[in-house]
Amino acid sequence: MSDTIKQAVMERLRQIKGPDLEGDIVSLGLVSDVFVSDGRVAFSITVPAERAQELEPLRQAAEKVVKEVEGVENAMVALTAERRPGATPSAAPATPPPSAPRQPQRAREETASAKPGVPGIKHIIAVASGKGGVGKSTTTANLALGMAANGLKVGVLDADIYGPSIPRLFNVSGRPESLGGRLLKPLEGYGVKVMSMGFLVEEETPMIWRGPMVISALTQMLREVDWGELDVLVVDMPPGTGDAQLTMAQQVPLAGAVIVSTPQDLALIDARKGLAMFRRVDVPVLGIVENMSYFLCPDCGSRHDIFSHGGARAEAERLEVPFLGEIPLTMQIRETSDAGSPIVVSDPEGPVADIYRKIAAQVADTIEQGADSTGRGAPNIVFD
């Protein structure tokens, strides 16, 4: 079936003229390999970097004809560019140089207000880490569930395109329902609305995508989903400081970012990079969480500092950002996460769930105070 859809998509794309109205984008070799999975189609179109904005109508036309193909539910189309070796990028650097001063508070507020918000969502926060394997997704899930337990309306966007974990953590599967037009209905787990690339492709399917395709997918999952009215949308970021992080930081009015790290020096080195990236694009750092802070032996109840201890707290003090709390390394967190029943919902009265709820309350208070200090939350823009 997917081969039939792919062939039909390529035939439709032959209707789209090239950048200078000569030939078509398929014959000119501008279309990347077309990815098809359960009615979802994704591909990129290679164009000169300096003409990307001018050729946006070409991308829209390609997306339109592909959506008309029988069996296609949604399409993700991105413009990408092959730069010649040694060529100078036409765009400004993604982040200021290290010596660049931070903008004054008023300038940062004006920059944030210029980023279009998402209808119905009051605040958007990112949960990030400089490296993988520090428990960022588990922290995201329990932080979101902690906010929901504290009475907030919460959603989670899984922005880790290459390794989506949120569907398993929330024990949610299936395909998002199309609401007509361009909107998808998010799935729901434990009262939290959830959207992830994991709902759109099979779990074993490798995502071999270029940066522009990742950005396009993120944009659609954020802005073409009927989130309804939310107090907070928590974004589970991929590890590192690449395209996805910069896209969210530069194009979305983030209320702030939570940095997750383990205590040892090697993890903190990468956490510093993530924190520095958000600061340079003027996204407030809401604080640092020290995950796997210490191990509690399930047999004897004794405590062991496997990954050292207190590194994230010391780093928070050094960088003058809030230290949000210590999450222990316990068998219960691992077991409940693997089972799709995070500890905040599986053991809501337990001591670890209490830690997550307190962190959630502190983050929620901080973003509310930030909105109050500017006289507004994130702008609420309605798209036709």
# chains A, B, ... in the order shown; residues from 1 in each chain; ligands from 1
$ select_by_dssp --residues "stretch 120-319 of chain A" --states "helix (DSSP H, G or I)" --output "PyMOL selection string"
chain A and resi 136-149+166-169+197-199+211-223+243-251+265-280+311-319
$ closest_residue --among "A:Thr46, A:Gln7, A:Asn74, A:Ser346" --to "A:Gly180" --atoms "only C-alpha atoms"
A:Asn74
$ select_by_dssp --residues "stretch 274-384 of chain A" --states "strand (DSSP E)" --output "list in words"
Val285, Leu286, Gly287, Ile288, Val289, Glu290, Phe295, Leu296, Arg303, His304, Phe323, Leu324, Gly325 and Glu326 of chain A
$ closest_residue --among "A:Val31, A:Ile359, A:Arg279, A:Pro253" --to "A:Gly117" --atoms "only C-alpha atoms"
A:Pro253
$ residues_around --residues "A:Val134" --least-positions-apart "3" --cutoff "10 Å" --atoms "only C-alpha atoms" --output "ChimeraX atom specification"
/A:129-131,137-139,239,260-263,267,290-292
$ closest_residue --among "A:Leu233, A:Glu73, A:Leu79, A:Pro167" --to "A:Leu183" --atoms "only C-alpha atoms"
A:Glu73
$ residues_around --residues "A:Leu179" --least-positions-apart "4" --cutoff "12 Å" --atoms "only C-alpha atoms" --output "PyMOL selection string"
chain A and resi 73-74+183-186+224-227
$ atom_distance --atom1 "atom CA of A:Gly23" --atom2 "atom CA of A:Val66"
18.3 Å
$ closest_residue --among "A:Gly198, A:Pro176, A:Leu222, A:Ala144" --to "A:Leu157" --atoms "only C-alpha atoms"
A:Leu222
$ closest_residue --among "A:Ala52, A:Lys17, A:Asp3, A:Val192" --to "A:Gly39" --atoms "only C-alpha atoms"
A:Asp3
$ residues_around --residues "A:Gly174" --least-positions-apart "3" --cutoff "12 Å" --atoms "only C-alpha atoms" --output "NGL selection string"
:A and (38 or 167-168 or 171 or 177 or 185-189 or 194-203)
$ write_last_selection --atoms "C-alpha atoms" --output "compact mmCIF listing (two decimals), in the first residue's frame"
# COMPACT_ATOMS: atom_id res chain seq x y z
CA ASP A 38 0.06 4.85 7.64
CA PRO A 167 3.82 7.31 24.06
CA ARG A 168 5.25 4.46 26.13
CA ASN A 171 0.81 4.10 27.87
CA GLU A 177 -7.88 11.62 14.62
CA LYS A 185 -6.77 15.63 17.70
CA PRO A 186 -4.13 14.79 20.34
CA LEU A 187 -4.32 11.54 22.24
CA GLU A 188 -4.75 11.55 26.01
CA GLY A 189 -3.13 9.70 28.89
CA VAL A 194 -0.21 14.09 24.23
CA MET A 195 1.26 14.42 20.71
CA SER A 196 4.29 12.53 19.45
CA MET A 197 5.90 11.34 16.24
CA GLY A 198 5.58 7.93 17.89
CA PHE A 199 1.85 8.05 17.08
CA LEU A 200 2.53 8.65 13.39
CA VAL A 201 5.14 5.97 12.64
CA GLU A 202 5.80 2.47 13.91
CA GLU A 203 8.03 2.19 16.98
$ atom_distance --atom1 "atom CA of A:Ser27" --atom2 "atom CA of A:Ala217"
25.3 Å
$ closest_residue --among "A:Met213, A:Val289, A:Leu55, A:Leu28" --to "A:Ala78" --atoms "only C-alpha atoms"
A:Met213
